[in-house]
>>> print(open('work.txt').read())   # compact mmCIF, C-alpha atoms
# COMPACT_ATOMS: atom_id res chain seq x y z
CA MET A 960 130.44 -137.23 23.20
CA ASN A 961 129.24 -138.02 26.68
CA ARG A 962 125.53 -138.16 27.45
CA PRO A 963 125.39 -134.95 29.58
CA ALA A 964 127.14 -132.94 26.85
CA THR A 965 124.76 -134.31 24.22
CA ALA A 966 121.81 -133.49 26.45
CA ALA A 967 122.97 -129.92 27.03
CA LEU A 968 123.53 -129.29 23.32
CA SER A 969 120.18 -130.86 22.47
CA LEU A 970 118.51 -128.56 24.97
CA LEU A 971 120.12 -125.57 23.29
CA LEU A 972 118.90 -126.72 19.91
CA VAL A 973 115.34 -127.42 21.08
CA ALA A 974 115.16 -123.99 22.63
CA GLY A 975 115.76 -122.66 19.14
CA CYS A 976 118.82 -121.00 20.61
CA THR A 977 116.54 -118.68 22.61
CA THR A 978 118.77 -119.37 25.59
CA LEU A 979 121.71 -118.20 23.52
CA LEU A 980 119.94 -114.99 22.59
CA ASN A 981 119.46 -114.02 26.23
CA PRO A 982 122.67 -112.37 27.41
CA ARG A 983 121.95 -113.21 31.05
CA ALA A 984 121.15 -116.88 30.48
CA ASP A 985 123.60 -119.49 31.66
CA LEU A 986 124.09 -122.75 29.87
CA PRO A 987 121.25 -125.12 30.72
CA ALA A 988 121.59 -127.48 33.65
CA ARG A 989 122.52 -131.03 32.77
CA ARG A 990 119.22 -132.85 32.53
CA THR A 991 117.41 -135.03 30.05
CA PRO A 992 115.83 -132.81 27.41
CA PRO A 993 112.58 -133.47 25.58
CA ALA A 994 112.75 -134.99 22.09
CA THR A 995 115.29 -133.00 20.11
CA PRO A 996 116.42 -132.53 16.54
CA ALA A 997 119.35 -134.71 15.54
CA PHE A 998 122.78 -133.27 16.24
CA PRO A 999 126.01 -135.13 15.60
CA ASP A 1000 127.46 -136.87 18.64
CA HIS A 1001 130.94 -135.90 17.57
CA CYS A 1002 132.30 -133.05 15.52
CA THR A 1003 135.60 -133.17 13.68
CA ALA A 1004 137.50 -130.10 12.59
CA GLN A 1005 138.67 -130.15 8.97
CA ASP A 1006 141.98 -129.20 7.33
CA ASP A 1007 144.16 -129.79 10.39
CA GLY A 1008 141.74 -127.93 12.65
CA GLN A 1009 141.50 -124.81 10.53
CA LEU A 1010 137.87 -125.34 9.46
CA PRO A 1011 134.92 -126.48 11.57
CA ASP A 1012 132.82 -129.55 10.92
CA PRO A 1013 130.09 -128.25 8.56
CA MET A 1014 127.50 -130.60 10.09
CA CYS A 1015 128.08 -129.09 13.53
CA THR A 1016 129.00 -125.53 12.63
CA PRO A 1017 127.35 -124.46 9.37
CA GLY A 1018 127.37 -120.77 10.31
CA ALA A 1019 124.51 -118.41 11.08
CA THR A 1020 123.89 -114.73 10.41
CA ASN A 1021 122.50 -111.86 12.40
CA PRO A 1022 119.11 -110.83 10.93
CA ASP A 1023 119.84 -107.20 11.86
CA VAL A 1024 122.73 -107.11 9.35
CA THR A 1025 121.55 -106.87 5.75
CA PRO A 1026 122.91 -105.17 2.64
CA ALA A 1027 120.59 -102.25 3.47
CA THR A 1028 121.88 -101.89 7.06
CA ILE A 1029 125.64 -102.35 6.68
CA GLY A 1030 126.23 -98.58 7.00
CA GLN A 1031 124.65 -98.63 10.46
CA THR A 1032 126.06 -102.01 11.50
CA ILE A 1033 129.22 -103.75 10.28
CA CYS A 1034 130.64 -100.72 8.47
CA ARG A 1035 130.25 -98.43 11.49
CA PRO A 1036 133.37 -98.28 13.69
CA GLY A 1037 132.76 -99.84 17.10
CA TRP A 1038 129.58 -101.69 16.14
CA VAL A 1039 131.05 -105.17 16.65
CA ALA A 1040 131.71 -104.38 20.32
CA THR A 1041 127.99 -103.75 20.78
CA VAL A 1042 127.09 -107.32 19.77
CA ARG A 1043 130.07 -109.35 21.02
CA PRO A 1044 128.95 -111.78 23.75
CA PRO A 1045 130.64 -111.39 27.15
CA THR A 1046 133.18 -113.96 28.34
CA SER A 1047 130.74 -114.99 31.07
CA TYR A 1048 128.72 -116.45 28.20
CA THR A 1049 131.50 -117.63 25.90
CA SER A 1050 133.84 -119.29 28.43
CA PRO A 1051 131.43 -122.06 29.50
CA LEU A 1052 130.29 -122.52 25.91
CA LYS A 1053 133.90 -122.76 24.77
CA ARG A 1054 134.57 -125.61 27.20
CA PHE A 1055 131.35 -127.30 26.10
CA MET A 1056 132.20 -126.98 22.40
CA ILE A 1057 135.72 -128.34 22.97
CA GLY A 1058 133.94 -131.42 24.34
CA VAL A 1059 131.68 -131.58 21.28
CA TYR A 1060 134.74 -131.38 19.04
CA GLY A 1061 136.14 -134.45 20.82
CA ASP A 1062 139.36 -134.50 18.81
CA TYR A 1063 140.45 -131.62 21.04
CA ALA A 1064 140.25 -133.78 24.19
CA GLY A 1065 143.05 -133.12 26.63
CA THR A 1066 143.91 -129.74 25.12
CA ALA A 1067 143.72 -126.75 27.44
CA PRO A 1068 140.93 -124.29 26.58
CA ALA A 1069 143.55 -121.54 26.36
CA GLY A 1070 144.78 -123.18 23.13
CA TYR A 1071 141.51 -122.26 21.40
CA GLU A 1072 139.21 -119.35 20.90
CA LEU A 1073 135.46 -119.70 20.59
CA ASP A 1074 135.25 -118.37 17.07
CA HIS A 1075 132.32 -117.11 15.06
CA LEU A 1076 132.46 -118.94 11.74
CA VAL A 1077 130.61 -116.05 10.07
CA SER A 1078 132.47 -113.31 11.89
CA LEU A 1079 130.72 -110.49 13.69
CA GLU A 1080 132.48 -108.15 11.22
CA LEU A 1081 130.47 -109.85 8.47
CA GLY A 1082 127.16 -109.98 10.30
CA GLY A 1083 127.53 -113.37 11.95
CA ALA A 1084 125.07 -114.39 14.67
CA PRO A 1085 126.73 -113.48 17.99
CA ARG A 1086 125.22 -116.21 20.19
CA ASP A 1087 123.95 -118.91 17.85
CA VAL A 1088 125.70 -122.22 18.60
CA ARG A 1089 125.56 -123.04 14.86
CA ASN A 1090 127.97 -120.15 14.31
CA LEU A 1091 130.43 -120.95 17.11
CA TRP A 1092 133.26 -123.47 17.27
CA PRO A 1093 136.54 -123.95 19.14
CA GLU A 1094 139.14 -122.69 16.70
CA ARG A 1095 142.80 -123.21 17.29
CA ASN A 1096 144.39 -119.82 17.68
CA TYR A 1097 144.76 -119.10 13.99
CA ASN A 1098 145.06 -115.33 13.89
CA ILE A 1099 145.18 -115.40 10.10
CA LYS A 1100 141.39 -115.98 9.99
CA ASP A 1101 140.98 -112.66 11.82
CA GLN A 1102 142.91 -110.98 9.00
CA VAL A 1103 140.60 -112.61 6.43
CA GLU A 1104 137.55 -111.40 8.38
CA ASN A 1105 138.91 -107.85 8.44
CA ALA A 1106 139.81 -107.90 4.74
CA ALA A 1107 136.34 -109.20 3.87
CA ASN A 1108 134.73 -106.49 6.01
CA ARG A 1109 136.76 -103.81 4.23
CA ALA A 1110 135.78 -105.28 0.84
CA VAL A 1111 132.07 -105.31 1.77
CA CYS A 1112 132.15 -101.78 3.15
CA ALA A 1113 133.99 -100.53 0.04
CA GLY A 1114 131.48 -102.22 -2.27
CA ARG A 1115 134.01 -104.65 -3.76
CA LEU A 1116 132.20 -107.69 -2.32
CA THR A 1117 128.53 -108.14 -1.47
CA LEU A 1118 127.51 -109.04 2.06
CA PRO A 1119 125.95 -112.38 0.98
CA GLU A 1120 129.10 -113.28 -0.99
CA ALA A 1121 131.31 -112.53 2.01
CA GLN A 1122 129.07 -114.43 4.44
CA ARG A 1123 128.86 -117.45 2.14
CA GLY A 1124 132.61 -117.38 1.45
CA ILE A 1125 133.63 -117.23 5.10
CA ALA A 1126 131.12 -119.94 6.09
CA LEU A 1127 132.09 -122.36 3.33
CA ASN A 1128 135.87 -121.96 3.53
CA TRP A 1129 137.61 -118.92 4.98
CA ILE A 1130 140.94 -120.08 3.54
CA ILE A 1131 139.66 -119.86 -0.05
CA LEU A 1132 138.06 -116.46 0.69
CA GLY A 1133 141.39 -115.27 2.08
CA ARG A 1134 143.19 -116.33 -1.08
CA GLN A 1135 140.59 -114.55 -3.21
CA LEU A 1136 141.11 -111.40 -1.15
CA HIS A 1137 144.92 -111.79 -1.39
CA VAL A 1138 145.41 -111.88 2.38
CA PRO A 1139 149.09 -112.58 3.15
CA GLY A 1140 149.80 -115.69 5.19
CA VAL A 1141 146.68 -117.65 4.21
CA PRO A 1142 147.60 -121.35 4.05
CA ALA A 1143 148.38 -122.68 0.58
CA SER A 1144 146.20 -125.42 -0.86
>>> encode(input="work.txt", output="structure tokens")
Amino acid sequence: MNRPATAALSLLLVAGCTTLLNPRADLPARRTPPATPAFPDHCTAQDDGQLPDPMCTPGATNPDVTPATIGQTICRPGWVATVRPPTSYTSPLKRFMIGVYGDYAGTAPAGYELDHLVSLELGGAPRDVRNLWPERNYNIKDQVENAANRAVCAGRLTLPEAQRGIALNWIILGRQLHVPGVPAS
């Protein structure tokens, strides 16, 4: 990863993602940040690009979504739209994250979506960089997210189980939920 990209990501991490929590904040200017926590210089997607690098994208959850609040949050129709970040926020971050995941170099941003590893439908953190990664346009993950949301809202799966399952390996969770089209092992 080039030095300006590393500096910008480090600045995001030092800020404790407070910049990411402010919907009007732009990505930080390219400058040398103060001492920062370690962050990998390069991220590598796993399983032919279907899973993020767990060191770079471990997932993060929204503290407002708990087992006690799912009726007012993820199980309420239309709630996800209230927390989804605008493209004015996600587009620059998507380009930045494609640079972090250097194995995507030379690929047009349109070939990827900035995906929430722990989906918003499962109470994922909307703006936390630890929960975002440039996913190749694999629409099957969206079907797994929706199936997991339905299972949580119907009481067939607990919220923590769904969040852990999607963060660790959405493909395995999809198989467990019998989602058609999930890649075979």
>>> closest_residue(input="work.txt", among="A:Asn1105, A:Gln1122, A:Thr1046, A:Asn1128", to="Cys1034 (chain A)", atoms="only C-alpha atoms")
A:Asn1105
>>> residues_around(input="work.txt", residues="Gln1102 (chain A)", least_positions_apart="2", cutoff="12 Å", atoms="all atoms listed in the file", output="PyMOL selection string")
chain A and resi 1078+1080+1097-1100+1104-1109+1125+1129-1130+1132-1134+1136-1141
>>> atom_distance(input="work.txt", atom1="CA of Met1014 (chain A)", atom2="CA of Val1042 (chain A)")
25.2 Å
>>> closest_residue(input="work.txt", among="A:Leu1118, A:Met1056, A:Ala1069, A:Ala1084", to="Pro1011 (chain A)", atoms="only C-alpha atoms")
A:Met1056
>>> atom_distance(input="work.txt", atom1="CA of Ala1004 (chain A)", atom2="CA of Gly1070 (chain A)")
14.6 Å
>>> atom_distance(input="work.txt", atom1="CA of Tyr1060 (chain A)", atom2="CA of Ala1121 (chain A)")
25.6 Å
>>> residues_around(input="work.txt", residues="region 1022-1024 of chain A", least_positions_apart="2", cutoff="8 Å", atoms="all atoms listed in the file", output="VMD selection string")
chain A and resid 1020 1026 to 1029 1032 to 1033 1082 1084
>>> write_last_selection(input="work.txt", atoms="C-alpha atoms", output="PDB file, in the frame of the given file")
ATOM      1  CA  THR A1020     123.890-114.730  10.410  1.00  0.00           C
ATOM      2  CA  PRO A1026     122.910-105.170   2.640  1.00  0.00           C
ATOM      3  CA  ALA A1027     120.590-102.250   3.470  1.00  0.00           C
ATOM      4  CA  THR A1028     121.880-101.890   7.060  1.00  0.00           C
ATOM      5  CA  ILE A1029     125.640-102.350   6.680  1.00  0.00           C
ATOM      6  CA  THR A1032     126.060-102.010  11.500  1.00  0.00           C
ATOM      7  CA  ILE A1033     129.220-103.750  10.280  1.00  0.00           C
ATOM      8  CA  GLY A1082     127.160-109.980  10.300  1.00  0.00           C
ATOM      9  CA  ALA A1084     125.070-114.390  14.670  1.00  0.00           C
TER      10      ALA A1084
END
>>> residues_near_point(input="work.txt", point="(127.4, -120.3, 7.5)", cutoff="9 Å", atoms="all atoms listed in the file", output="MDAnalysis selection string")
chainID A and resid 1013 1016:1020 1076:1077 1083 1089:1090 1122:1127
>>> closest_residue(input="work.txt", among="A:Leu1081, A:Leu1073, A:Val1059, A:Val1039", to="Leu1116 (chain A)", atoms="all atoms listed in the file")
A:Leu1081
>>> build_atoms(input="work.txt", residues="region 1039-1069 of chain A", atoms="N, CA and C atoms", output="PDB file, in the frame of the given file")
ATOM      1  N   VAL A1039     130.835-103.776  16.243  1.00  0.00           N
ATOM      2  CA  VAL A1039     131.050-105.170  16.650  1.00  0.00           C
ATOM      3  C   VAL A1039     131.074-105.293  18.171  1.00  0.00           C
ATOM      4  N   ALA A1040     131.662-104.335  18.851  1.00  0.00           N
ATOM      5  CA  ALA A1040     131.710-104.380  20.320  1.00  0.00           C
ATOM      6  C   ALA A1040     130.319-104.363  20.938  1.00  0.00           C
ATOM      7  N   THR A1041     129.351-103.817  20.238  1.00  0.00           N
ATOM      8  CA  THR A1041     127.990-103.750  20.780  1.00  0.00           C
ATOM      9  C   THR A1041     127.267-105.092  20.719  1.00  0.00           C
ATOM     10  N   VAL A1042     127.756-106.027  19.902  1.00  0.00           N
ATOM     11  CA  VAL A1042     127.090-107.320  19.770  1.00  0.00           C
ATOM     12  C   VAL A1042     127.933-108.499  20.258  1.00  0.00           C
ATOM     13  N   ARG A1043     129.198-108.255  20.580  1.00  0.00           N
ATOM     14  CA  ARG A1043     130.070-109.350  21.020  1.00  0.00           C
ATOM     15  C   ARG A1043     129.595-109.888  22.367  1.00  0.00           C
ATOM     16  N   PRO A1044     129.390-111.216  22.473  1.00  0.00           N
ATOM     17  CA  PRO A1044     128.950-111.780  23.750  1.00  0.00           C
ATOM     18  C   PRO A1044     130.050-111.652  24.817  1.00  0.00           C
ATOM     19  N   PRO A1045     129.655-111.501  26.079  1.00  0.00           N
ATOM     20  CA  PRO A1045     130.640-111.390  27.150  1.00  0.00           C
ATOM     21  C   PRO A1045     131.307-112.749  27.428  1.00  0.00           C
ATOM     22  N   THR A1046     132.482-112.720  28.031  1.00  0.00           N
ATOM     23  CA  THR A1046     133.180-113.960  28.340  1.00  0.00           C
ATOM     24  C   THR A1046     132.413-114.811  29.354  1.00  0.00           C
ATOM     25  N   SER A1047     131.556-114.203  30.138  1.00  0.00           N
ATOM     26  CA  SER A1047     130.740-114.990  31.070  1.00  0.00           C
ATOM     27  C   SER A1047     129.818-115.934  30.292  1.00  0.00           C
ATOM     28  N   TYR A1048     129.511-115.592  29.072  1.00  0.00           N
ATOM     29  CA  TYR A1048     128.720-116.450  28.200  1.00  0.00           C
ATOM     30  C   TYR A1048     129.618-117.383  27.391  1.00  0.00           C
ATOM     31  N   THR A1049     130.695-116.843  26.826  1.00  0.00           N
ATOM     32  CA  THR A1049     131.500-117.630  25.900  1.00  0.00           C
ATOM     33  C   THR A1049     132.419-118.647  26.580  1.00  0.00           C
ATOM     34  N   SER A1050     132.910-118.356  27.775  1.00  0.00           N
ATOM     35  CA  SER A1050     133.840-119.290  28.430  1.00  0.00           C
ATOM     36  C   SER A1050     133.213-120.659  28.698  1.00  0.00           C
ATOM     37  N   PRO A1051     132.028-120.734  29.312  1.00  0.00           N
ATOM     38  CA  PRO A1051     131.430-122.060  29.500  1.00  0.00           C
ATOM     39  C   PRO A1051     131.083-122.732  28.177  1.00  0.00           C
ATOM     40  N   LEU A1052     130.631-121.952  27.210  1.00  0.00           N
ATOM     41  CA  LEU A1052     130.290-122.520  25.910  1.00  0.00           C
ATOM     42  C   LEU A1052     131.535-123.022  25.201  1.00  0.00           C
ATOM     43  N   LYS A1053     132.640-122.328  25.367  1.00  0.00           N
ATOM     44  CA  LYS A1053     133.900-122.760  24.770  1.00  0.00           C
ATOM     45  C   LYS A1053     134.298-124.131  25.307  1.00  0.00           C
ATOM     46  N   ARG A1054     134.235-124.314  26.614  1.00  0.00           N
ATOM     47  CA  ARG A1054     134.570-125.610  27.200  1.00  0.00           C
ATOM     48  C   ARG A1054     133.629-126.691  26.687  1.00  0.00           C
ATOM     49  N   PHE A1055     132.352-126.361  26.602  1.00  0.00           N
ATOM     50  CA  PHE A1055     131.350-127.300  26.100  1.00  0.00           C
ATOM     51  C   PHE A1055     131.662-127.696  24.657  1.00  0.00           C
ATOM     52  N   MET A1056     131.940-126.708  23.804  1.00  0.00           N
ATOM     53  CA  MET A1056     132.200-126.980  22.400  1.00  0.00           C
ATOM     54  C   MET A1056     133.505-127.752  22.201  1.00  0.00           C
ATOM     55  N   ILE A1057     134.493-127.542  23.051  1.00  0.00           N
ATOM     56  CA  ILE A1057     135.720-128.340  22.970  1.00  0.00           C
ATOM     57  C   ILE A1057     135.362-129.807  23.211  1.00  0.00           C
ATOM     58  N   GLY A1058     134.406-130.060  24.119  1.00  0.00           N
ATOM     59  CA  GLY A1058     133.940-131.420  24.340  1.00  0.00           C
ATOM     60  C   GLY A1058     133.200-131.987  23.141  1.00  0.00           C
ATOM     61  N   VAL A1059     132.412-131.154  22.475  1.00  0.00           N
ATOM     62  CA  VAL A1059     131.680-131.580  21.280  1.00  0.00           C
ATOM     63  C   VAL A1059     132.670-131.938  20.180  1.00  0.00           C
ATOM     64  N   TYR A1060     133.681-131.093  20.001  1.00  0.00           N
ATOM     65  CA  TYR A1060     134.740-131.380  19.040  1.00  0.00           C
ATOM     66  C   TYR A1060     135.746-132.260  19.763  1.00  0.00           C
ATOM     67  N   GLY A1061     135.384-133.520  19.980  1.00  0.00           N
ATOM     68  CA  GLY A1061     136.140-134.450  20.820  1.00  0.00           C
ATOM     69  C   GLY A1061     137.579-134.640  20.435  1.00  0.00           C
ATOM     70  N   ASP A1062     137.967-134.337  19.210  1.00  0.00           N
ATOM     71  CA  ASP A1062     139.360-134.500  18.810  1.00  0.00           C
ATOM     72  C   ASP A1062     140.264-133.501  19.525  1.00  0.00           C
ATOM     73  N   TYR A1063     139.663-132.578  20.274  1.00  0.00           N
ATOM     74  CA  TYR A1063     140.450-131.620  21.040  1.00  0.00           C
ATOM     75  C   TYR A1063     140.650-132.091  22.485  1.00  0.00           C
ATOM     76  N   ALA A1064     140.190-133.283  22.812  1.00  0.00           N
ATOM     77  CA  ALA A1064     140.250-133.780  24.190  1.00  0.00           C
ATOM     78  C   ALA A1064     141.671-133.669  24.735  1.00  0.00           C
ATOM     79  N   GLY A1065     141.767-133.233  25.968  1.00  0.00           N
ATOM     80  CA  GLY A1065     143.050-133.120  26.630  1.00  0.00           C
ATOM     81  C   GLY A1065     143.789-131.826  26.331  1.00  0.00           C
ATOM     82  N   THR A1066     143.273-131.011  25.447  1.00  0.00           N
ATOM     83  CA  THR A1066     143.910-129.740  25.120  1.00  0.00           C
ATOM     84  C   THR A1066     143.326-128.656  26.023  1.00  0.00           C
ATOM     85  N   ALA A1067     144.178-127.826  26.559  1.00  0.00           N
ATOM     86  CA  ALA A1067     143.720-126.750  27.440  1.00  0.00           C
ATOM     87  C   ALA A1067     142.866-125.758  26.655  1.00  0.00           C
ATOM     88  N   PRO A1068     141.778-125.278  27.264  1.00  0.00           N
ATOM     89  CA  PRO A1068     140.930-124.290  26.580  1.00  0.00           C
ATOM     90  C   PRO A1068     141.693-123.062  26.096  1.00  0.00           C
ATOM     91  N   ALA A1069     142.786-122.719  26.769  1.00  0.00           N
ATOM     92  CA  ALA A1069     143.550-121.540  26.360  1.00  0.00           C
ATOM     93  C   ALA A1069     144.140-121.698  24.957  1.00  0.00           C
TER      94      ALA A1069
END
